[in-house]
$ cat start_34.txt   # compact mmCIF, C-alpha atoms and all ligand atoms
# COMPACT_ATOMS: atom_id res chain seq x y z
CA MET K 1 -79.90 -85.91 -69.97
CA GLU K 2 -79.93 -89.41 -71.44
CA LEU K 3 -83.17 -91.15 -70.45
CA ASN K 4 -82.86 -94.92 -69.98
CA ASN K 5 -85.53 -95.64 -67.39
CA VAL K 6 -88.30 -93.13 -68.07
CA ILE K 7 -90.05 -92.22 -71.32
CA LEU K 8 -91.53 -88.78 -71.95
CA GLU K 9 -94.04 -88.42 -74.79
CA LYS K 10 -96.04 -85.35 -75.71
CA GLU K 11 -99.46 -85.68 -77.30
CA GLY K 12 -100.91 -82.25 -78.02
CA LYS K 13 -101.45 -80.55 -74.69
CA ILE K 14 -100.77 -83.60 -72.58
CA ALA K 15 -97.57 -85.43 -71.66
CA VAL K 16 -97.32 -89.14 -70.88
CA VAL K 17 -94.48 -90.14 -68.57
CA THR K 18 -93.77 -93.90 -68.43
CA ILE K 19 -91.47 -95.48 -65.88
CA ASN K 20 -89.73 -98.06 -68.00
CA ARG K 21 -88.01 -100.84 -66.05
CA PRO K 22 -90.56 -103.60 -66.61
CA LYS K 23 -88.08 -106.39 -65.80
CA ALA K 24 -87.75 -104.97 -62.27
CA LEU K 25 -91.47 -104.16 -62.14
CA ASN K 26 -90.53 -100.49 -62.62
CA ALA K 27 -88.86 -100.30 -59.20
CA LEU K 28 -87.45 -96.87 -58.43
CA ASN K 29 -83.65 -96.85 -58.32
CA SER K 30 -81.58 -93.66 -58.05
CA ASP K 31 -81.15 -93.35 -61.81
CA THR K 32 -84.92 -93.56 -62.33
CA LEU K 33 -85.52 -90.96 -59.62
CA LYS K 34 -82.94 -88.64 -61.24
CA GLU K 35 -84.64 -89.05 -64.62
CA LEU K 36 -88.05 -88.37 -63.10
CA ASP K 37 -86.63 -85.25 -61.47
CA TYR K 38 -85.21 -84.08 -64.81
CA ILE K 39 -88.54 -84.75 -66.57
CA ALA K 40 -90.50 -82.91 -63.88
CA ALA K 41 -88.15 -79.92 -64.34
CA GLU K 42 -88.69 -80.04 -68.11
CA LEU K 43 -92.47 -80.20 -67.66
CA GLU K 44 -92.34 -77.25 -65.26
CA LYS K 45 -90.77 -75.17 -68.02
CA ASP K 46 -93.16 -76.37 -70.72
CA ASP K 47 -96.07 -73.95 -71.06
CA ASP K 48 -97.61 -76.05 -73.85
CA VAL K 49 -98.31 -79.04 -71.59
CA TYR K 50 -101.47 -78.64 -69.53
CA ALA K 51 -101.82 -82.10 -67.95
CA VAL K 52 -99.57 -85.08 -67.33
CA ILE K 53 -100.20 -88.83 -67.13
CA LEU K 54 -97.77 -90.97 -65.13
CA THR K 55 -97.78 -94.72 -65.69
CA GLY K 56 -95.60 -97.82 -65.66
CA ALA K 57 -94.36 -99.90 -68.59
CA GLY K 58 -95.69 -103.42 -69.13
CA ASP K 59 -98.90 -104.94 -67.86
CA LYS K 60 -97.75 -106.06 -64.44
CA ALA K 61 -96.66 -103.03 -62.45
CA PHE K 62 -97.11 -99.33 -62.04
CA VAL K 63 -94.13 -99.25 -59.67
CA ALA K 64 -93.32 -102.16 -57.28
CA GLY K 65 -91.58 -99.80 -54.87
CA ALA K 66 -88.17 -98.38 -54.29
CA ASP K 67 -85.47 -100.65 -55.69
CA ILE K 68 -84.77 -103.14 -52.91
CA THR K 69 -81.65 -104.47 -54.66
CA GLU K 70 -80.12 -100.98 -54.61
CA MET K 71 -81.36 -100.08 -51.12
CA LYS K 72 -80.24 -103.31 -49.46
CA ASP K 73 -76.60 -102.34 -48.97
CA LEU K 74 -76.87 -98.59 -48.50
CA ASN K 75 -74.94 -97.06 -45.64
CA THR K 76 -76.31 -94.20 -43.55
CA MET K 77 -75.03 -91.42 -45.81
CA GLU K 78 -76.16 -93.18 -48.98
CA GLY K 79 -79.58 -93.87 -47.41
CA ARG K 80 -79.83 -90.19 -46.58
CA LYS K 81 -78.91 -89.19 -50.13
CA PHE K 82 -81.48 -91.62 -51.55
CA SER K 83 -84.14 -90.24 -49.22
CA ILE K 84 -83.38 -86.60 -50.08
CA LEU K 85 -83.49 -87.39 -53.81
CA GLY K 86 -86.77 -89.33 -53.55
CA ASN K 87 -88.51 -86.74 -51.44
CA LYS K 88 -87.36 -83.95 -53.75
CA VAL K 89 -88.76 -85.73 -56.82
CA PHE K 90 -92.07 -86.63 -55.20
CA ARG K 91 -92.56 -83.09 -53.89
CA ARG K 92 -91.69 -81.69 -57.30
CA LEU K 93 -94.35 -83.86 -58.94
CA GLU K 94 -96.87 -83.01 -56.24
CA ASN K 95 -96.24 -79.29 -56.74
CA LEU K 96 -95.91 -79.39 -60.54
CA ASP K 97 -97.85 -76.47 -61.98
CA LYS K 98 -100.13 -78.84 -63.92
CA PRO K 99 -102.22 -81.78 -62.79
CA VAL K 100 -100.63 -85.22 -62.78
CA ILE K 101 -102.87 -88.27 -63.26
CA ALA K 102 -101.49 -91.60 -62.08
CA ALA K 103 -102.63 -94.37 -64.44
CA ILE K 104 -102.01 -97.36 -62.18
CA ASN K 105 -101.69 -100.40 -64.38
CA GLY K 106 -100.55 -103.03 -61.85
CA PHE K 107 -98.61 -103.27 -58.59
CA ALA K 108 -98.33 -99.96 -56.74
CA LEU K 109 -96.38 -101.02 -53.68
CA GLY K 110 -94.31 -99.06 -51.19
CA GLY K 111 -92.68 -96.19 -53.05
CA GLY K 112 -94.99 -97.00 -55.98
CA CYS K 113 -98.13 -96.47 -53.93
CA GLU K 114 -96.49 -93.33 -52.51
CA LEU K 115 -95.69 -92.10 -56.02
CA SER K 116 -99.36 -92.41 -56.93
CA LEU K 117 -100.22 -90.49 -53.75
CA ALA K 118 -98.02 -87.59 -54.88
CA CYS K 119 -100.17 -87.34 -58.04
CA ASP K 120 -103.38 -85.30 -58.18
CA ILE K 121 -105.73 -88.02 -59.41
CA ARG K 122 -105.43 -91.83 -59.38
CA LEU K 123 -107.06 -94.02 -62.04
CA ALA K 124 -106.59 -97.73 -61.45
CA SER K 125 -106.81 -100.69 -63.77
CA ASP K 126 -108.94 -103.53 -62.42
CA ARG K 127 -105.65 -105.46 -62.12
CA ALA K 128 -103.94 -102.86 -59.92
CA LYS K 129 -102.81 -103.79 -56.42
CA PHE K 130 -101.80 -101.44 -53.66
CA GLY K 131 -99.88 -101.71 -50.43
CA GLN K 132 -97.23 -100.29 -48.13
CA PRO K 133 -95.20 -103.43 -47.32
CA GLU K 134 -92.23 -101.56 -45.82
CA VAL K 135 -92.57 -102.85 -42.25
CA GLY K 136 -92.01 -106.36 -43.63
CA LEU K 137 -88.63 -105.13 -44.89
CA GLY K 138 -87.73 -103.55 -41.57
CA ILE K 139 -88.30 -99.95 -42.67
CA THR K 140 -91.01 -97.32 -42.52
CA PRO K 141 -92.59 -95.80 -45.64
CA GLY K 142 -90.10 -93.15 -46.72
CA PHE K 143 -91.62 -91.29 -49.64
CA GLY K 144 -94.50 -89.68 -47.78
CA GLY K 145 -96.67 -92.77 -47.20
CA THR K 146 -97.28 -92.13 -43.52
CA GLN K 147 -98.43 -88.61 -44.35
CA ARG K 148 -100.16 -88.60 -47.74
CA LEU K 149 -101.95 -91.94 -47.29
CA ALA K 150 -103.35 -90.89 -43.90
CA ARG K 151 -104.54 -87.57 -45.33
CA LEU K 152 -106.25 -89.30 -48.25
CA VAL K 153 -107.94 -92.29 -46.63
CA GLY K 154 -107.92 -91.33 -42.93
CA THR K 155 -105.61 -92.41 -40.15
CA GLY K 156 -107.44 -95.62 -39.17
CA ILE K 157 -107.30 -97.17 -42.63
CA ALA K 158 -103.78 -95.86 -43.32
CA LYS K 159 -102.53 -97.33 -40.05
CA GLU K 160 -104.07 -100.72 -40.84
CA LEU K 161 -102.49 -100.78 -44.30
CA ILE K 162 -99.09 -99.61 -43.05
CA TYR K 163 -98.91 -101.75 -39.89
CA THR K 164 -99.94 -104.95 -41.70
CA GLY K 165 -98.23 -104.36 -45.03
CA LYS K 166 -101.22 -106.07 -46.65
CA ILE K 167 -101.82 -105.78 -50.36
CA ILE K 168 -105.28 -104.74 -51.50
CA LYS K 169 -106.99 -105.01 -54.87
CA ALA K 170 -108.34 -102.15 -56.96
CA ASP K 171 -111.97 -102.51 -55.80
CA GLU K 172 -110.88 -102.21 -52.15
CA ALA K 173 -108.67 -99.23 -53.05
CA LEU K 174 -111.75 -97.59 -54.57
CA ARG K 175 -113.88 -98.38 -51.52
CA ILE K 176 -111.42 -96.68 -49.14
CA GLY K 177 -110.94 -93.66 -51.41
CA LEU K 178 -107.37 -94.42 -52.39
CA VAL K 179 -108.25 -94.20 -56.10
CA ASN K 180 -110.75 -92.06 -57.96
CA ARG K 181 -111.91 -94.74 -60.39
CA VAL K 182 -111.27 -98.31 -61.50
CA VAL K 183 -111.39 -99.14 -65.21
CA GLU K 184 -110.81 -102.24 -67.29
CA ALA K 185 -107.09 -102.79 -67.83
CA ASP K 186 -107.22 -102.30 -71.61
CA LYS K 187 -109.19 -99.05 -71.24
CA LEU K 188 -106.89 -97.47 -68.63
CA MET K 189 -104.77 -95.28 -70.89
CA GLU K 190 -107.78 -94.30 -73.00
CA GLU K 191 -109.60 -93.15 -69.83
CA ALA K 192 -106.49 -91.38 -68.55
CA ARG K 193 -106.06 -89.55 -71.86
CA ALA K 194 -109.74 -88.57 -71.93
CA LEU K 195 -109.46 -87.18 -68.40
CA ALA K 196 -106.19 -85.37 -69.16
CA ASN K 197 -107.69 -83.84 -72.32
CA THR K 198 -110.80 -82.71 -70.43
CA ILE K 199 -108.55 -80.95 -67.92
CA ALA K 200 -106.36 -79.56 -70.71
CA ALA K 201 -109.44 -77.95 -72.32
CA GLN K 202 -110.00 -75.74 -69.23
CA ALA K 203 -108.19 -72.49 -68.51
CA PRO K 204 -104.71 -73.75 -67.53
CA ILE K 205 -103.82 -70.92 -65.15
CA ALA K 206 -107.12 -71.41 -63.29
CA VAL K 207 -106.46 -75.17 -63.05
CA LYS K 208 -102.93 -74.47 -61.78
CA LEU K 209 -104.25 -72.05 -59.16
CA CYS K 210 -106.88 -74.60 -58.05
CA LYS K 211 -104.10 -77.13 -57.54
CA GLU K 212 -102.10 -74.63 -55.50
CA ALA K 213 -105.13 -73.67 -53.42
CA ILE K 214 -106.06 -77.29 -52.65
CA ASN K 215 -102.48 -78.39 -51.92
CA ARG K 216 -101.77 -75.41 -49.68
CA GLY K 217 -105.20 -75.22 -48.11
CA ILE K 218 -105.16 -78.82 -46.94
CA GLN K 219 -102.16 -77.94 -44.77
CA CYS K 220 -103.74 -74.84 -43.17
CA ASP K 221 -106.60 -73.96 -40.86
CA THR K 222 -109.87 -73.13 -42.69
CA ASP K 223 -109.59 -69.33 -42.29
CA THR K 224 -106.07 -69.23 -43.73
CA ALA K 225 -107.07 -71.64 -46.50
CA LEU K 226 -110.08 -69.53 -47.46
CA MET K 227 -107.91 -66.40 -47.55
CA TYR K 228 -105.60 -68.24 -49.88
CA GLU K 229 -108.59 -69.24 -52.03
CA ALA K 230 -109.65 -65.57 -52.22
CA GLU K 231 -106.12 -64.63 -53.26
CA VAL K 232 -105.98 -67.09 -56.17
CA PHE K 233 -109.54 -66.17 -57.18
CA GLY K 234 -108.44 -62.53 -57.44
CA GLU K 235 -105.38 -63.54 -59.41
CA CYS K 236 -107.59 -65.09 -62.11
CA PHE K 237 -108.89 -61.60 -62.95
CA SER K 238 -105.41 -60.57 -64.10
CA THR K 239 -105.46 -63.28 -66.80
CA GLU K 240 -106.57 -63.05 -70.41
CA ASP K 241 -108.14 -66.48 -70.06
CA GLN K 242 -110.64 -65.19 -67.48
CA LYS K 243 -111.72 -62.47 -69.93
CA GLU K 244 -111.91 -65.03 -72.72
CA GLY K 245 -113.85 -67.63 -70.69
CA MET K 246 -116.47 -65.15 -69.50
CA SER K 247 -116.71 -63.29 -72.84
CA ALA K 248 -117.20 -66.57 -74.70
CA PHE K 249 -120.03 -67.47 -72.32
CA VAL K 250 -121.76 -64.09 -72.71
CA GLU K 251 -121.25 -64.08 -76.50
CA LYS K 252 -122.42 -67.72 -76.76
CA ARG K 253 -119.32 -68.83 -78.65
CA ASP K 254 -116.57 -71.42 -78.15
CA LYS K 255 -113.75 -70.34 -75.87
CA SER K 256 -110.09 -70.38 -76.81
CA PHE K 257 -107.71 -70.29 -73.85
CA GLN K 258 -104.14 -69.12 -74.41
CA ASN K 259 -102.57 -69.90 -71.02
CA LYS K 260 -102.16 -66.17 -70.45
N1 LIG V 301 -87.07 -103.66 -56.09
C1 LIG V 301 -86.23 -104.32 -56.92
N2 LIG V 301 -86.61 -105.32 -57.72
C2 LIG V 301 -87.90 -105.68 -57.68
C3 LIG V 301 -88.84 -105.05 -56.83
C4 LIG V 301 -88.37 -103.98 -56.01
N3 LIG V 301 -89.17 -103.28 -55.20
N4 LIG V 301 -90.04 -105.64 -57.01
C5 LIG V 301 -89.86 -106.60 -57.93
N5 LIG V 301 -88.57 -106.63 -58.34
C6 LIG V 301 -87.99 -107.51 -59.31
C7 LIG V 301 -87.82 -108.92 -58.75
O1 LIG V 301 -86.63 -109.01 -57.98
C8 LIG V 301 -87.74 -109.73 -60.02
O2 LIG V 301 -86.46 -109.60 -60.57
P1 LIG V 301 -85.67 -110.91 -61.22
O3 LIG V 301 -85.61 -111.89 -60.11
O4 LIG V 301 -86.58 -111.35 -62.33
O5 LIG V 301 -84.36 -110.34 -61.64
C9 LIG V 301 -88.70 -109.03 -60.94
O6 LIG V 301 -88.86 -107.70 -60.41
C10 LIG V 301 -90.08 -109.66 -60.98
O7 LIG V 301 -90.54 -109.79 -59.66
P2 LIG V 301 -91.09 -111.19 -59.05
O8 LIG V 301 -90.43 -112.34 -59.71
O9 LIG V 301 -90.98 -111.08 -57.58
O10 LIG V 301 -92.60 -111.12 -59.52
P3 LIG V 301 -93.85 -111.77 -58.79
O11 LIG V 301 -95.01 -111.64 -59.75
O12 LIG V 301 -93.56 -113.14 -58.28
O13 LIG V 301 -94.14 -110.85 -57.53
C11 LIG V 301 -94.37 -108.73 -56.38
C12 LIG V 301 -94.50 -109.51 -57.71
C13 LIG V 301 -94.62 -107.26 -56.66
C14 LIG V 301 -95.44 -109.25 -55.38
C15 LIG V 301 -92.97 -108.98 -55.78
O14 LIG V 301 -92.00 -108.69 -56.81
C16 LIG V 301 -92.66 -108.12 -54.60
O15 LIG V 301 -93.11 -108.39 -53.49
N6 LIG V 301 -91.86 -107.08 -54.82
C17 LIG V 301 -91.42 -106.21 -53.76
C18 LIG V 301 -92.54 -105.29 -53.39
C19 LIG V 301 -92.16 -104.41 -52.23
O16 LIG V 301 -91.87 -104.90 -51.13
N7 LIG V 301 -92.19 -103.11 -52.48
C20 LIG V 301 -91.84 -102.17 -51.47
C21 LIG V 301 -90.38 -101.90 -51.58
S1 LIG V 301 -89.84 -100.93 -50.25
C22 LIG V 301 -87.15 -94.26 -48.48
C23 LIG V 301 -88.13 -93.93 -49.31
C24 LIG V 301 -88.93 -94.88 -49.86
C25 LIG V 301 -88.73 -96.18 -49.58
C26 LIG V 301 -87.71 -96.52 -48.76
C27 LIG V 301 -86.90 -95.58 -48.19
N8 LIG V 301 -86.36 -93.29 -47.85
C28 LIG V 301 -86.87 -91.92 -48.04
C29 LIG V 301 -85.15 -93.56 -47.30
C30 LIG V 301 -89.57 -97.14 -50.20
C31 LIG V 301 -89.46 -98.40 -49.92
C32 LIG V 301 -90.13 -99.36 -50.74
O17 LIG V 301 -90.79 -99.08 -51.70
$ encode --input "start_34.txt" --output "structure tokens"
Amino acid sequence: MELNNVILEKEGKIAVVTINRPKALNALNSDTLKELDYIAAELEKDDDVYAVILTGAGDKAFVAGADITEMKDLNTMEGRKFSILGNKVFRRLENLDKPVIAAINGFALGGGCELSLACDIRLASDRAKFGQPEVGLGITPGFGGTQRLARLVGTGIAKELIYTGKIIKADEALRIGLVNRVVEADKLMEEARALANTIAAQAPIAVKLCKEAINRGIQCDTDTALMYEAEVFGECFSTEDQKEGMSAFVEKRDKSFQNK
């Protein structure tokens, strides 16, 4: 597929995905969503990538939302198609078999904030701004905002953000637990790479199973979730990396994981 709106770069065991429509503040139009979907599918197949960073091009925006220019004139069927495509892509990223770190370098509004919520970890630049301004456009958040935001920061805070459409700065996003960390703008990618490389140095199958256990468990009652945790724990013992990790510890040597 020809990529015009998204850049995929591989750096050792990590991949950096950059949404690249800076003139439109990286707004998500259908073409961008299709490219993201294609890239997520490629990353799913790539056993040499252990962690992914998702960011936006330029210094102004991560993603300023779904593309309002494109959405404005959609009819019901087109709106439905757009929704199905967006939800498919976001779910695919959320369930990708490797962690995705959102490096939020500026505006993360509407679908942009929701995109960051579909990632595993959010690092924000001190210039980042967050919000769900959809009600001001006459719509509800459509890429999971009502669900993922409420699960992350609690219903009271999510409702305030969504009902008012207000935009908050990075320090407030940190205070409410919307982001993991805030870093100086010019250090954002360095920090994101350091975090991705730290994750990539762990046993990849174990990391993948942790992601599955957390993502599934959060949707279940505690007993079911703990059974699922036991299941993935058991699964680790069928991997070569478990033998390697524990042998390296006992033999007091460096470990070398093979993703097997
Ligand atoms: N869509 C399209 N173009 C956008 C855009 C967007 N969301 N945001 C910015 N742009 C474009 C602007 O139109 C402008 O283009 P030109 O006029 O230069 O051609 C360029 O980016 C620069 O923007 P500004 O000139 O406005 O820059 P400022 O610094 O003055 O303001 C801003 C920055 C981020 C405060 C402002 O651009 C802004 O308010 N943007 C809109 C933010 C917003 O409301 N985002 C939420 C969009 S609604 C659904 C699923 C999801 C969604 C909907 C349905 N279904 C499942 C059906 C999601 C909805 C949304 O995300």
$ residues_near_ligand --input "start_34.txt" --ligand "ligand LIG 301 (chain V)" --cutoff "8 Å" --atoms "only C-alpha atoms and all ligand atoms" --output "PyMOL selection string"
chain K and resi 22-29+60-61+63-71+79-80+82-84+86-87+107+109-112+132-134+136-137+139-144
$ closest_residue --input "start_34.txt" --among "K:Asp97, K:Glu2, K:Glu11, K:Glu190" --to "Lys45 (chain K)" --atoms "all atoms listed in the file"
K:Asp97
$ residues_around --input "start_34.txt" --residues "Val232 (chain K)" --least-positions-apart "6" --cutoff "12 Å" --atoms "all atoms listed in the file" --output "list in words"
Ile205, Ala206, Val207, Lys208, Leu209, Cys210, Lys211, Glu212, Ala213, Ile214, Arg216, Gly217, Ala225, Leu226, Ser238 and Thr239 of chain K
$ residues_around --input "start_34.txt" --residues "region 150-156 of chain K" --least-positions-apart "2" --cutoff "7 Å" --atoms "all atoms listed in the file" --output "PyMOL selection string"
chain K and resi 146-148+158-160+176-178
$ closest_atom_pairs --input "start_34.txt" --of "region 12-76 of chain K" --to "region 186-189 of chain K" --cutoff "10 Å" --atoms "all atoms listed in the file" --output "CSV"
residue,atom,partner,partner_atom,distance
K:Val16,CA,K:Met189,CA,9.7
K:Ile53,CA,K:Met189,CA,8.8
K:Thr55,CA,K:Met189,CA,8.7
K:Asp59,CA,K:Asp186,CA,9.5
$ residues_around --input "start_34.txt" --residues "Glu244 (chain K)" --least-positions-apart "6" --cutoff "7 Å" --atoms "all atoms listed in the file" --output "mmCIF file with C-alpha atoms, keeping the file's coordinate frame"
data_model
loop_
_atom_site.group_PDB
_atom_site.id
_atom_site.type_symbol
_atom_site.label_atom_id
_atom_site.label_comp_id
_atom_site.auth_asym_id
_atom_site.auth_seq_id
_atom_site.Cartn_x
_atom_site.Cartn_y
_atom_site.Cartn_z
ATOM 1 C CA LYS K 255 -113.750 -70.340 -75.870
ATOM 2 C CA SER K 256 -110.090 -70.380 -76.810
ATOM 3 C CA PHE K 257 -107.710 -70.290 -73.850
#
$ closest_residue --input "start_34.txt" --among "K:Ala230, K:Glu78, K:Asp47, K:Lys13" --to "Ser30 (chain K)" --atoms "only C-alpha atoms"
K:Glu78
$ closest_residue --input "start_34.txt" --among "K:Val17, K:Ile218, K:Leu33, K:Ile121" --to "Leu195 (chain K)" --atoms "only C-alpha atoms"
K:Ile121
$ closest_residue --input "start_34.txt" --among "K:Lys72, K:Lys81, K:Lys98, K:Arg21" --to "Ala40 (chain K)" --atoms "all atoms listed in the file"
K:Lys98
$ atom_distance --input "start_34.txt" --atom1 "CA of Leu174 (chain K)" --atom2 "CA of Ala200 (chain K)"
24.8 Å
$ closest_residue --input "start_34.txt" --among "K:Ala185, K:Ala103, K:Ile14, K:Leu115" --to "Leu36 (chain K)" --atoms "all atoms listed in the file"
K:Leu115
$ atom_distance --input "start_34.txt" --atom1 "CA of Phe90 (chain K)" --atom2 "CA of Phe130 (chain K)"
17.8 Å
$ residues_around --input "start_34.txt" --residues "Asp241 (chain K)" --least-positions-apart "5" --cutoff "7 Å" --atoms "all atoms listed in the file" --output "JSON, numbers by chain"
{"K": [203, 257, 258, 259, 260]}
